[in-house]
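Undergrad: So here's structure-v6.cif, just mmCIF, C-alpha atoms:
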data_input
loop_
_atom_site.label_atom_id
_atom_site.label_comp_id
_atom_site.auth_asym_id
_atom_site.auth_seq_id
_atom_site.Cartn_x
_atom_site.Cartn_y
_atom_site.Cartn_z
CA MET A 14 -70.96 -92.21 7.74
CA GLY A 15 -73.21 -89.45 6.46
CA PHE A 16 -72.75 -85.70 7.00
CA HIS A 17 -75.66 -85.45 9.47
CA ASP A 18 -74.20 -88.35 11.47
CA GLN A 19 -70.91 -86.52 11.70
CA LEU A 20 -72.68 -83.34 12.88
CA GLY A 21 -74.38 -85.32 15.62
CA ARG A 22 -71.13 -86.43 17.16
CA THR A 23 -70.08 -84.39 20.19
CA PRO A 24 -67.65 -82.95 20.96
CA CYS A 25 -66.08 -82.11 17.58
CA HIS A 26 -63.67 -79.30 18.68
CA VAL A 27 -63.47 -77.59 15.32
CA TYR A 28 -61.50 -74.33 15.43
CA VAL A 29 -62.85 -71.65 13.14
CA SER A 30 -60.52 -68.70 12.62
CA GLY A 31 -59.66 -66.39 9.79
CA CYS A 32 -55.95 -66.90 10.53
CA GLU A 33 -55.77 -70.72 10.03
CA ASP A 34 -54.70 -71.31 6.43
CA ARG A 35 -52.09 -74.02 6.89
CA ASN A 36 -53.92 -76.54 4.74
CA ASP A 37 -57.33 -76.16 3.19
CA HIS A 38 -57.57 -79.80 2.14
CA GLY A 39 -58.19 -82.75 4.46
CA ARG A 40 -58.81 -86.38 3.64
CA ASP A 41 -62.07 -85.57 1.85
CA GLY A 42 -60.73 -82.47 0.07
CA VAL A 43 -62.11 -79.79 2.50
CA ARG A 44 -60.96 -79.13 6.04
CA PRO A 45 -63.76 -78.93 8.65
CA THR A 46 -62.41 -75.54 9.78
CA ARG A 47 -62.84 -74.07 6.31
CA LEU A 48 -66.21 -75.74 5.89
CA LEU A 49 -67.74 -74.35 9.07
CA ARG A 50 -66.19 -70.93 8.58
CA ASP A 51 -67.75 -70.60 5.13
CA LEU A 52 -71.11 -72.13 6.06
CA LEU A 53 -71.58 -70.06 9.20
CA GLY A 54 -69.88 -66.91 7.94
CA VAL A 55 -68.05 -66.39 11.26
CA GLN A 56 -64.50 -65.53 12.28
CA ASP A 57 -62.47 -65.95 15.48
CA THR A 58 -64.87 -68.60 16.75
CA VAL A 59 -64.36 -72.07 18.18
CA ALA A 60 -67.07 -74.63 17.43
CA GLU A 61 -67.21 -77.05 20.36
CA SER A 62 -69.99 -79.45 19.46
CA THR A 63 -73.17 -79.91 17.44
CA THR A 64 -76.55 -81.37 18.28
CA TRP A 65 -80.12 -81.56 17.00
CA ASP A 66 -83.06 -79.88 18.72
CA THR A 67 -86.57 -81.12 17.96
CA SER A 68 -88.39 -79.15 20.66
CA ASN A 69 -89.68 -76.49 18.20
CA GLU A 70 -93.40 -75.84 17.92
CA ASP A 71 -93.41 -76.89 14.26
CA GLY A 72 -91.61 -80.13 15.10
CA GLN A 73 -88.80 -79.50 12.61
CA GLN A 74 -85.21 -80.31 13.50
CA THR A 75 -82.95 -77.39 14.36
CA LEU A 76 -79.18 -77.63 14.21
CA ILE A 77 -77.48 -76.24 17.34
CA ILE A 78 -73.76 -75.49 17.12
CA ARG A 79 -72.17 -74.76 20.48
CA VAL A 80 -69.44 -72.17 20.13
CA ARG A 81 -67.19 -69.86 22.12
CA PRO A 82 -65.05 -66.86 21.15
CA LYS A 83 -61.42 -67.51 20.37
CA ALA A 84 -59.07 -66.67 23.26
CA GLY A 85 -58.07 -63.32 21.79
CA GLN A 86 -61.72 -62.22 21.54
CA ARG A 87 -62.74 -62.98 25.12
CA ARG A 88 -63.40 -60.45 27.86
CA ARG A 89 -64.00 -57.55 25.51
CA CYS A 90 -66.62 -54.84 25.79
CA SER A 91 -69.38 -55.35 23.23
CA ARG A 92 -69.55 -51.58 22.62
CA CYS A 93 -65.90 -50.55 22.17
CA GLN A 94 -64.07 -53.91 21.85
CA ARG A 95 -61.71 -52.96 24.70
CA ARG A 96 -60.34 -55.76 26.86
CA CYS A 97 -61.98 -55.54 30.29
CA ALA A 98 -62.08 -57.25 33.63
CA GLY A 99 -64.71 -59.95 34.02
CA TYR A 100 -67.78 -59.10 36.06
CA ASP A 101 -69.65 -62.39 36.30
CA ARG A 102 -70.59 -65.49 34.35
CA ARG A 103 -74.20 -66.27 33.65
CA GLY A 104 -75.28 -69.86 34.05
CA GLU A 105 -77.57 -70.02 31.00
CA ARG A 106 -76.69 -70.33 27.37
CA ARG A 107 -77.86 -67.91 24.71
CA ARG A 108 -78.69 -68.71 21.11
CA TRP A 109 -78.14 -66.66 17.96
CA ARG A 110 -79.99 -67.43 14.76
CA SER A 111 -77.69 -68.06 11.80
CA LEU A 112 -78.54 -68.44 8.12
CA ASP A 113 -80.43 -71.61 7.30
CA TRP A 114 -78.61 -74.57 5.82
CA GLY A 115 -81.02 -75.53 3.10
CA THR A 116 -84.37 -75.89 4.88
CA THR A 117 -82.78 -76.45 8.31
CA ARG A 118 -82.61 -73.68 10.86
CA VAL A 119 -79.20 -73.17 12.42
CA TYR A 120 -78.43 -71.59 15.78
CA LEU A 121 -75.15 -70.77 17.48
CA GLU A 122 -75.22 -71.41 21.23
CA ALA A 123 -72.77 -70.09 23.80
CA HIS A 124 -72.45 -69.09 27.44
CA THR A 125 -72.84 -65.35 28.02
CA TYR A 126 -71.09 -63.33 30.68
CA ARG A 127 -70.61 -59.69 31.58
CA VAL A 128 -67.50 -57.51 31.73
CA SER A 129 -66.81 -54.24 33.50
CA CYS A 130 -65.85 -51.58 30.93
CA PRO A 131 -64.28 -48.31 32.21
CA GLU A 132 -66.27 -46.36 29.60
CA HIS A 133 -69.58 -48.24 29.26
CA GLY A 134 -69.90 -49.88 32.67
CA VAL A 135 -71.17 -53.42 33.12
CA VAL A 136 -72.14 -54.84 29.72
CA ILE A 137 -72.48 -58.20 28.00
CA ALA A 138 -69.14 -59.39 26.66
CA HIS A 139 -68.39 -59.14 22.96
CA VAL A 140 -69.01 -62.15 20.72
CA PRO A 141 -67.38 -62.11 17.25
CA TRP A 142 -70.39 -63.60 15.48
CA ALA A 143 -73.09 -61.02 16.41
CA ARG A 144 -73.72 -57.35 17.08
CA PRO A 145 -74.38 -56.06 20.60
CA ALA A 146 -77.90 -56.88 21.89
CA ALA A 147 -78.60 -58.94 18.77
CA ARG A 148 -80.07 -62.45 18.70
CA HIS A 149 -78.94 -63.10 15.13
CA THR A 150 -75.51 -63.46 13.58
CA HIS A 151 -73.78 -60.83 11.44
CA ALA A 152 -74.42 -62.88 8.31
CA PHE A 153 -78.13 -63.24 9.07
CA GLU A 154 -78.62 -59.54 9.83
CA ASP A 155 -76.65 -58.42 6.78
CA THR A 156 -78.82 -60.68 4.62
CA VAL A 157 -81.99 -59.18 6.15
CA ALA A 158 -80.72 -55.64 5.51
CA TRP A 159 -79.77 -56.40 1.89
CA TRP A 160 -83.15 -57.95 1.12
CA THR A 161 -85.14 -55.25 2.94
CA ALA A 162 -83.49 -52.60 0.77
CA ARG A 163 -84.99 -54.38 -2.24
CA ALA A 164 -88.24 -56.00 -1.07
CA PRO A 165 -91.08 -55.33 1.40
CA SER A 166 -90.41 -56.22 5.04
CA SER A 167 -93.33 -58.66 5.03
CA THR A 168 -91.75 -60.62 2.17
CA VAL A 169 -88.35 -60.69 3.90
CA ALA A 170 -89.97 -61.76 7.18
CA GLU A 171 -91.81 -64.66 5.54
CA PHE A 172 -88.80 -65.79 3.52
CA LEU A 173 -86.44 -65.85 6.54
CA ARG A 174 -89.08 -67.04 9.04
CA ILE A 175 -88.97 -64.03 11.36
CA THR A 176 -91.44 -61.25 12.27
CA TRP A 177 -91.59 -57.83 10.66
CA ARG A 178 -90.74 -56.26 14.02
CA THR A 179 -87.55 -58.32 14.05
CA VAL A 180 -86.79 -57.05 10.55
CA GLN A 181 -87.15 -53.45 11.72
CA ALA A 182 -84.97 -54.03 14.78
CA ILE A 183 -82.26 -55.60 12.60
CA ILE A 184 -82.34 -52.69 10.14
CA GLU A 185 -81.90 -50.22 12.99
CA ARG A 186 -78.87 -52.10 14.35
CA VAL A 187 -77.24 -52.40 10.93
CA VAL A 188 -77.77 -48.72 10.07
CA ILE A 189 -76.51 -47.53 13.46
CA GLU A 190 -73.39 -49.67 13.22
CA ARG A 191 -72.51 -48.76 9.64
CA ALA A 192 -73.30 -45.06 10.17
CA GLY A 193 -70.91 -45.11 13.12
CA GLN A 194 -68.20 -46.45 10.81
CA THR A 195 -68.75 -43.77 8.15
CA ASP A 196 -68.90 -39.99 8.57
CA LEU A 197 -71.68 -39.08 6.15
CA LEU A 198 -71.11 -35.36 6.71
CA ALA A 199 -67.41 -35.45 5.82
CA GLY A 200 -66.32 -33.66 2.67
CA LEU A 201 -69.59 -31.84 1.97
CA ARG A 202 -69.24 -28.98 -0.51
CA ARG A 203 -72.51 -28.76 -2.48
CA ILE A 204 -75.75 -29.80 -0.82
CA GLY A 205 -79.45 -29.75 -1.59
CA ILE A 206 -82.12 -29.25 1.08
CA ASP A 207 -85.76 -30.20 0.61
CA GLU A 208 -88.73 -31.45 2.59
CA ILE A 209 -91.11 -34.33 1.94
CA SER A 210 -94.49 -35.17 3.43
CA TYR A 211 -94.34 -38.66 4.91
CA ARG A 212 -97.82 -38.82 6.39
CA LYS A 213 -101.17 -37.05 6.39
CA GLY A 214 -101.62 -34.12 8.74
CA GLN A 215 -98.75 -31.89 7.57
CA ARG A 216 -96.03 -34.23 8.82
CA TYR A 217 -92.72 -33.68 7.08
CA LEU A 218 -89.14 -34.85 6.93
CA THR A 219 -86.28 -32.53 5.97
CA CYS A 220 -83.60 -34.21 3.88
CA VAL A 221 -80.07 -33.07 2.97
CA VAL A 222 -78.43 -34.56 -0.13
CA ASP A 223 -74.83 -34.37 -1.29
CA HIS A 224 -74.84 -33.12 -4.90
CA ASP A 225 -71.43 -34.65 -5.63
CA THR A 226 -72.28 -38.21 -4.56
CA GLY A 227 -76.08 -38.16 -4.80
CA ARG A 228 -76.34 -39.67 -1.32
CA LEU A 229 -78.70 -38.75 1.46
CA VAL A 230 -76.43 -37.51 4.27
CA TRP A 231 -78.91 -36.28 6.89
CA ALA A 232 -82.64 -36.45 7.62
CA ALA A 233 -84.87 -35.41 10.50
CA GLU A 234 -88.52 -34.85 11.30
CA GLY A 235 -89.80 -31.30 10.91
CA ARG A 236 -90.03 -28.49 8.39
CA ASN A 237 -88.80 -25.29 10.03
CA SER A 238 -85.67 -23.28 10.78
CA GLN A 239 -84.98 -25.28 13.93
CA THR A 240 -84.70 -28.43 11.84
CA ILE A 241 -82.10 -26.81 9.56
CA LEU A 242 -80.18 -25.54 12.58
CA LYS A 243 -80.03 -29.12 13.89
CA PHE A 244 -78.31 -30.12 10.67
CA PHE A 245 -75.72 -27.36 11.03
CA ASP A 246 -75.20 -28.33 14.67
CA ALA A 247 -74.41 -31.87 13.51
CA LEU A 248 -72.20 -30.54 10.72
CA GLY A 249 -70.20 -28.24 12.98
CA PRO A 250 -68.93 -24.69 12.29
CA GLU A 251 -65.64 -25.78 10.70
CA ARG A 252 -67.26 -28.02 8.11
CA ALA A 253 -70.04 -25.48 7.53
CA LYS A 254 -67.36 -23.04 6.38
CA LEU A 255 -66.38 -25.50 3.63
CA LEU A 256 -69.83 -25.47 1.97
CA THR A 257 -69.72 -23.75 -1.41
CA HIS A 258 -73.27 -24.21 -2.78
CA VAL A 259 -76.71 -24.88 -1.30
CA SER A 260 -79.78 -25.51 -3.45
CA ALA A 261 -83.33 -25.21 -2.13
CA ASP A 262 -86.83 -24.10 -3.06
CA GLY A 263 -88.24 -20.70 -2.08
CA ALA A 264 -88.71 -21.54 1.62
CA GLU A 265 -87.35 -18.80 3.86
CA TRP A 266 -87.07 -21.29 6.73
CA ILE A 267 -84.25 -22.85 4.71
CA HIS A 268 -82.65 -19.66 3.40
CA ASN A 269 -82.30 -17.83 6.72
CA PRO A 270 -80.43 -20.58 8.65
CA VAL A 271 -78.15 -21.19 5.65
CA ARG A 272 -77.26 -17.50 5.49
CA ALA A 273 -76.62 -17.46 9.24
CA ARG A 274 -74.51 -20.64 9.49
CA ALA A 275 -72.86 -20.75 6.04
CA PRO A 276 -72.81 -17.16 4.72
CA GLN A 277 -70.04 -17.98 2.19
CA ALA A 278 -72.17 -20.62 0.43
CA VAL A 279 -73.88 -19.66 -2.83
CA LEU A 280 -77.62 -20.15 -2.33
CA CYS A 281 -79.38 -21.32 -5.51
CA LEU A 282 -83.12 -21.43 -6.11
CA ASP A 283 -84.29 -24.67 -7.69
CA PRO A 284 -85.38 -23.88 -11.30
CA PHE A 285 -88.05 -26.60 -11.23
CA HIS A 286 -89.91 -24.75 -8.47
CA VAL A 287 -89.66 -21.42 -10.32
CA VAL A 288 -91.10 -22.93 -13.51
CA GLN A 289 -93.73 -24.64 -11.36
CA TRP A 290 -94.81 -21.21 -10.14
CA ALA A 291 -95.35 -20.19 -13.78
CA THR A 292 -97.21 -23.43 -14.53
CA LYS A 293 -99.59 -22.80 -11.65
CA ALA A 294 -100.11 -19.22 -12.86
CA VAL A 295 -101.07 -20.50 -16.34
CA ASP A 296 -103.55 -22.95 -14.86
CA LYS A 297 -105.02 -20.21 -12.68
CA VAL A 298 -105.51 -18.02 -15.78
CA ARG A 299 -107.22 -20.91 -17.58
CA ARG A 300 -109.56 -21.66 -14.67
CA GLY A 301 -110.39 -17.97 -14.31
CA LEU A 302 -111.38 -17.73 -17.97
CA TRP A 303 -113.42 -20.92 -17.65
CA ASN A 304 -115.33 -19.55 -14.66
CA THR A 305 -115.95 -16.26 -16.49
CA LEU A 306 -117.38 -18.03 -19.54
CA ARG A 307 -119.64 -20.17 -17.36
CA GLY A 308 -120.85 -17.10 -15.53
CA GLU A 309 -121.72 -15.42 -18.83
CA GLY A 310 -123.63 -18.50 -19.99
CA ASN A 311 -121.13 -19.52 -22.69
CA THR A 312 -121.23 -23.17 -21.68
CA HIS A 313 -120.01 -24.44 -25.05
CA GLN A 314 -116.87 -22.27 -25.01
CA ALA A 315 -116.33 -23.11 -21.33
CA SER A 316 -116.48 -26.82 -22.17
CA ASP A 317 -113.91 -26.39 -24.94
CA LEU A 318 -111.60 -24.46 -22.60
CA LYS A 319 -111.87 -27.11 -19.88
CA GLY A 320 -110.21 -29.65 -22.16
CA THR A 321 -107.17 -27.46 -22.81
CA ARG A 322 -105.45 -27.97 -19.48
CA TRP A 323 -102.68 -30.33 -20.55
CA ALA A 324 -102.17 -28.55 -23.85
CA VAL A 325 -101.00 -25.43 -21.98
CA LEU A 326 -99.29 -27.15 -19.03
CA LYS A 327 -97.18 -29.81 -20.73
CA ASN A 328 -93.80 -29.08 -22.32
CA PRO A 329 -94.08 -28.57 -26.11
CA GLU A 330 -91.91 -31.61 -26.88
CA ASN A 331 -94.31 -33.83 -24.91
CA LEU A 332 -97.55 -32.72 -26.58
CA THR A 333 -99.64 -35.19 -28.53
CA GLY A 334 -100.92 -34.35 -32.00
CA GLU A 335 -104.38 -33.51 -30.64
CA GLN A 336 -102.89 -31.26 -27.96
CA ARG A 337 -100.81 -29.41 -30.56
CA THR A 338 -104.00 -28.76 -32.51
CA THR A 339 -105.70 -27.51 -29.34
CA LEU A 340 -102.78 -25.16 -28.64
CA ALA A 341 -102.94 -23.77 -32.19
CA ALA A 342 -106.65 -23.09 -31.70
CA ILE A 343 -105.93 -21.27 -28.41
CA ALA A 344 -103.38 -19.06 -30.21
CA LYS A 345 -106.11 -17.90 -32.60
CA THR A 346 -109.12 -17.65 -30.28
CA ASN A 347 -107.82 -16.90 -26.76
CA ASN A 348 -105.05 -14.32 -26.78
CA ARG A 349 -104.91 -13.96 -22.98
CA LEU A 350 -104.39 -17.67 -22.29
CA TYR A 351 -101.90 -18.01 -25.13
CA ARG A 352 -99.80 -15.12 -23.80
CA ALA A 353 -99.79 -16.80 -20.39
CA TYR A 354 -98.57 -19.99 -22.06
CA LEU A 355 -95.78 -18.11 -23.86
CA LEU A 356 -94.68 -16.48 -20.61
CA LYS A 357 -94.40 -19.90 -19.01
CA GLU A 358 -92.37 -21.28 -21.91
CA GLN A 359 -90.11 -18.23 -22.01
CA LEU A 360 -89.28 -18.74 -18.34
CA ARG A 361 -88.34 -22.35 -19.10
CA ALA A 362 -86.05 -21.08 -21.86
CA VAL A 363 -84.32 -18.80 -19.36
CA PHE A 364 -83.17 -21.76 -17.25
CA ALA A 365 -82.32 -23.83 -20.33
CA THR A 366 -80.00 -21.05 -21.53
CA ARG A 367 -78.24 -20.15 -18.23
CA GLY A 368 -75.17 -17.94 -17.88
CA LYS A 369 -75.03 -14.31 -19.01
CA VAL A 370 -77.48 -14.88 -21.83
CA GLY A 371 -79.89 -16.40 -19.31
CA ARG A 372 -79.58 -13.28 -17.16
CA VAL A 373 -80.47 -11.08 -20.13
CA LEU A 374 -83.47 -13.27 -20.98
CA LEU A 375 -84.58 -13.18 -17.34
CA ALA A 376 -84.49 -9.37 -17.30
CA GLY A 377 -86.58 -9.29 -20.48
CA TRP A 378 -89.02 -11.83 -19.04
CA ILE A 379 -89.55 -9.75 -15.89
CA ALA A 380 -90.23 -6.64 -17.98
CA TRP A 381 -92.70 -8.54 -20.18
CA ALA A 382 -94.52 -10.15 -17.25
CA THR A 383 -94.77 -6.82 -15.42
CA ARG A 384 -96.62 -5.11 -18.27
CA CYS A 385 -98.58 -8.13 -19.60
CA ARG A 386 -101.79 -7.09 -17.75
CA ILE A 387 -102.31 -10.66 -16.57
CA PRO A 388 -102.60 -10.35 -12.76
CA GLU A 389 -101.24 -13.86 -12.10
CA PHE A 390 -98.03 -13.14 -13.99
CA VAL A 391 -97.67 -9.61 -12.68
CA LYS A 392 -97.70 -11.17 -9.21
CA LEU A 393 -95.20 -13.83 -10.33
CA ALA A 394 -92.86 -11.13 -11.65
CA THR A 395 -92.91 -9.54 -8.18
CA THR A 396 -92.08 -12.89 -6.60
CA ILE A 397 -89.18 -13.47 -8.98
CA ARG A 398 -87.79 -10.00 -8.21
CA LYS A 399 -87.81 -11.02 -4.54
CA TYR A 400 -85.64 -14.06 -5.29
CA LEU A 401 -83.68 -12.45 -8.14
CA ASP A 402 -80.23 -12.92 -6.58
CA LEU A 403 -80.89 -16.61 -5.88
CA ILE A 404 -82.19 -17.18 -9.41
CA ARG A 405 -79.14 -15.46 -10.88
CA ASN A 406 -76.96 -17.80 -8.79
CA THR A 407 -78.83 -20.72 -10.34
CA LEU A 408 -78.22 -19.38 -13.85
CA ASP A 409 -74.52 -18.83 -13.16
CA HIS A 410 -73.78 -22.15 -11.41
CA GLY A 411 -76.34 -24.47 -13.02
CA LEU A 412 -77.35 -26.07 -9.72
CA SER A 413 -80.80 -27.54 -9.15
CA ASN A 414 -82.55 -29.68 -6.57
CA ALA A 415 -82.87 -32.63 -8.96
CA ARG A 416 -80.96 -35.01 -6.66
CA SER A 417 -83.15 -34.00 -3.73
CA GLU A 418 -86.29 -34.59 -5.78
CA SER A 419 -84.93 -37.98 -6.81
CA THR A 420 -84.44 -38.87 -3.15
CA ASN A 421 -87.97 -37.70 -2.35
CA THR A 422 -89.34 -39.93 -5.11
CA HIS A 423 -87.44 -42.88 -3.67
CA LEU A 424 -88.86 -42.19 -0.20
CA ARG A 425 -92.39 -42.09 -1.61
CA VAL A 426 -91.78 -45.49 -3.22
CA LEU A 427 -90.53 -46.86 0.12
CA THR A 428 -93.61 -45.47 1.87
CA ARG A 429 -95.99 -46.91 -0.72
CA ARG A 430 -94.21 -50.28 -0.66
CA ALA A 431 -94.50 -50.47 3.14
CA TYR A 432 -98.09 -49.10 3.17
CA GLY A 433 -96.81 -46.32 5.42
CA PHE A 434 -94.43 -46.24 8.39
CA ARG A 435 -95.42 -46.25 12.05
CA SER A 436 -92.91 -43.49 12.89
CA PRO A 437 -90.65 -40.99 11.11
CA GLU A 438 -87.64 -42.77 12.63
CA ALA A 439 -88.60 -45.97 10.79
CA LEU A 440 -88.73 -44.14 7.45
CA ILE A 441 -85.45 -42.33 8.16
CA THR A 442 -83.79 -45.66 8.96
CA MET A 443 -84.95 -47.15 5.66
CA ALA A 444 -83.92 -44.00 3.80
CA MET A 445 -80.41 -44.11 5.29
CA LEU A 446 -80.12 -47.81 4.46
CA THR A 447 -81.07 -47.36 0.80
CA ARG A 448 -79.89 -43.82 -0.05
CA SER A 449 -76.79 -43.28 2.11
CA GLY A 450 -74.63 -46.20 1.04
CA LEU A 451 -75.18 -48.02 4.35
CA CYS A 452 -76.66 -51.21 2.92
CA PRO A 453 -74.21 -54.09 3.55
CA PRO A 454 -73.31 -56.56 0.79
CA LEU A 455 -74.57 -60.10 0.99
CA PRO A 456 -72.40 -62.34 3.21
CA GLY A 457 -69.40 -63.71 1.37
CA ARG A 458 -69.55 -61.04 -1.31
CA SER A 459 -67.91 -57.66 -1.74
CA SER A 460 -69.88 -54.46 -2.32
CA LYS A 461 -68.79 -54.55 -5.98
CA ASP A 462 -70.33 -57.99 -6.65
#
Would you mind writing the file out in structure tokens?
TA:
Amino acid sequence: MGFHDQLGRTPCHVYVSGCEDRNDHGRDGVRPTRLLRDLLGVQDTVAESTTWDTSNEDGQQTLIIRVRPKAGQRRRCSRCQRRCAGYDRRGERRRWRSLDWGTTRVYLEAHTYRVSCPEHGVVIAHVPWARPAARHTHAFEDTVAWWTARAPSSTVAEFLRITWRTVQAIIERVVIERAGQTDLLAGLRRIGIDEISYRKGQRYLTCVVDHDTGRLVWAAEGRNSQTILKFFDALGPERAKLLTHVSADGAEWIHNPVRARAPQAVLCLDPFHVVQWATKAVDKVRRGLWNTLRGEGNTHQASDLKGTRWAVLKNPENLTGEQRTTLAAIAKTNNRLYRAYLLKEQLRAVFATRGKVGRVLLAGWIAWATRCRIPEFVKLATTIRKYLDLIRNTLDHGLSNARSESTNTHLRVLTRRAYGFRSPEALITMAMLTRSGLCPPLPGRSSKD
């Protein structure tokens, strides 16, 4: 008798439980209990019978396995797992999609009923093979989540024969469940705060990253002080007192709430943004000179200056041979632009040095920029004086927003891969799945595999 013939026999009364290990070997070498448990990826479940269903639109056979929860798992609330009084018993059966067996679709089928929970009211009873309100098994949903973290939703939907809306709904359930099992805000000491544009029209997300683990621990729509206050409300005053360092860019809407809710934390200004200010100042000087030469009719010199952009903006170690030659020519023929370039590079050296020596170099840089007679850098020196305490904190503690920028890059990749998201919540869900350690392992494997 073949395997499919055996599946067609009803009833089979195969008990599937994680506690039955008396004998793993039957007449054919594998007990049916172990076989079904491994194939279905379920625990605490009794398989009553199996049958074939050919009523699908595509005409393909579907394997239906009728199951019920083990006695100890019955009459439990699907939200809190508490044993409850029964409320009613529905007459219809419900099906849950399981992982395919080869090319054959597999469904678990069982009667559903409701229980009366003292905390959650009347709800559908818990089933050990699926999450609340789900129509797919744990193994199926965990597989969807794992693949979606690594491939576009459209690819996952086609591969598993579901819709992309189903993929999104599964991701939301998985993230909510796993986030409820892990306190992402526990143990925070050093954090980075940054914003990212997720859509045209000045639409932003604010993200908080743990510097010690590199994980995204909180994200919300918005880019203002109220958004930061929401984070501190979620963190709580006791845990806010444990923060030691906070890194951010020059946005006051980040600085002010941090000072108000975590005054003991050392606030550090991201060095990348400070050097970026200098880079923009150099480019502004270059464009100003180019416009002046064009206005005076020196089109040839203006054309030569237009091609010098990357020679003065790139780091010296990244310059090509041609760009090095261009920079040497600027040093001889354009003193103003070359001094602007040196000011930018000196500021980079300040953050590369750090510590007390970095403080001394910073003081010298401010004095030089103030008297350089280049308006763009005189203005920049004023800006740096405004944030002098925060920059000194950065030099002393060596903290940057590099982990936050890495997370932002990852979110841009997710957005580009999905060709945009229909809502900020959808992007936040994907970000938490991939950057917060909430992605489940594949069924039957540990997270270390």
Undergrad: Any chance you could work out the residue set of the PyMOL selection byres ((chain A and resi 359-361) around 9) here, as a VMD selection string?
TA: chain A and resid 284 to 285 287 to 288 291 354 to 358 362 to 366 374 to 375 378
Undergrad: Which value, in Å to one decimal, gives the distance between atom CA of A:Ala158 and atom CA of A:Val180?
TA: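 Computed distance, atom CA of A:Ala158 to atom CA of A:Val180, equals 8.0 Å.
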Undergrad: Distance atom CA of A:Arg212-atom CA of A:Tyr432, one decimal place?
TA: 10.8 Å
Undergrad: Please report the interatomic distance between atom CA of A:Arg118 and atom CA of A:Arg89 in Å with one decimal.
TA: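 For atom CA of A:Arg118 relative to atom CA of A:Arg89, the distance reads 28.7 Å.
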Undergrad: Closest to A:Phe153 among A:Leu455, A:Val80, A:Leu248, A:Leu197, using only C-alpha atoms?
TA: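 For A:Phe153, the nearest of the candidates is A:Leu455.
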Undergrad: Given the file shown, enumerate the residues that the PyMOL selection byres ((chain A and resi 437-444) around 8) captures and present them as an mmCIF file with C-alpha atoms, in the coordinates of the input.
TA:
data_model
loop_
_atom_site.group_PDB
_atom_site.id
_atom_site.type_symbol
_atom_site.label_atom_id
_atom_site.label_comp_id
_atom_site.auth_asym_id
_atom_site.auth_seq_id
_atom_site.Cartn_x
_atom_site.Cartn_y
_atom_site.Cartn_z
ATOM 1 C CA ALA A 162 -83.490 -52.600 0.770
ATOM 2 C CA GLN A 181 -87.150 -53.450 11.720
ATOM 3 C CA ILE A 184 -82.340 -52.690 10.140
ATOM 4 C CA GLU A 185 -81.900 -50.220 12.990
ATOM 5 C CA VAL A 188 -77.770 -48.720 10.070
ATOM 6 C CA TYR A 211 -94.340 -38.660 4.910
ATOM 7 C CA LEU A 218 -89.140 -34.850 6.930
ATOM 8 C CA LEU A 229 -78.700 -38.750 1.460
ATOM 9 C CA ALA A 232 -82.640 -36.450 7.620
ATOM 10 C CA ALA A 233 -84.870 -35.410 10.500
ATOM 11 C CA GLU A 234 -88.520 -34.850 11.300
ATOM 12 C CA LEU A 424 -88.860 -42.190 -0.200
ATOM 13 C CA LEU A 427 -90.530 -46.860 0.120
ATOM 14 C CA THR A 428 -93.610 -45.470 1.870
ATOM 15 C CA PHE A 434 -94.430 -46.240 8.390
ATOM 16 C CA ARG A 435 -95.420 -46.250 12.050
ATOM 17 C CA SER A 436 -92.910 -43.490 12.890
ATOM 18 C CA MET A 445 -80.410 -44.110 5.290
ATOM 19 C CA LEU A 446 -80.120 -47.810 4.460
ATOM 20 C CA THR A 447 -81.070 -47.360 0.800
ATOM 21 C CA ARG A 448 -79.890 -43.820 -0.050
ATOM 22 C CA SER A 449 -76.790 -43.280 2.110
#
Undergrad: Rank nothing, just name the residue among A:Val295, A:Val140, A:Leu306, A:Leu121 nearest to A:Trp109, using all atoms listed in the file.
TA: A:Leu121
Undergrad: Of the candidates A:Lys213, A:Arg144, A:Arg299, A:Arg108, which shows the shortest atom-to-atom distance to A:Ala315, using only C-alpha atoms?
TA: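 So, comparing all the options, the nearest one is A:Arg299.
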Undergrad: Go through A:Trp290, A:Leu302, A:Ser68, A:Asn348 and flag the residue nearest A:Leu326, using all atoms listed in the file for the distances.
TA: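 Smallest distance to A:Leu326 is found for A:Trp290.
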Undergrad: Would you kindly translate the PyMOL selection byres ((chain A and resi 52) around 10) into the concrete residues it picks from this file, as a PDB file with C-alpha atoms, keeping the file's coordinate frame?
TA:
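New file result_3.pdb:
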ATOM      1  CA  ARG A  47     -62.840 -74.070   6.310  1.00  0.00           C
ATOM      2  CA  LEU A  48     -66.210 -75.740   5.890  1.00  0.00           C
ATOM      3  CA  LEU A  49     -67.740 -74.350   9.070  1.00  0.00           C
ATOM      4  CA  ARG A  50     -66.190 -70.930   8.580  1.00  0.00           C
ATOM      5  CA  ASP A  51     -67.750 -70.600   5.130  1.00  0.00           C
ATOM      6  CA  LEU A  53     -71.580 -70.060   9.200  1.00  0.00           C
ATOM      7  CA  GLY A  54     -69.880 -66.910   7.940  1.00  0.00           C
ATOM      8  CA  VAL A  55     -68.050 -66.390  11.260  1.00  0.00           C
ATOM      9  CA  SER A 111     -77.690 -68.060  11.800  1.00  0.00           C
ATOM     10  CA  LEU A 112     -78.540 -68.440   8.120  1.00  0.00           C
ATOM     11  CA  ASP A 113     -80.430 -71.610   7.300  1.00  0.00           C
ATOM     12  CA  TRP A 114     -78.610 -74.570   5.820  1.00  0.00           C
ATOM     13  CA  GLY A 457     -69.400 -63.710   1.370  1.00  0.00           C
TER      14      GLY A 457
END
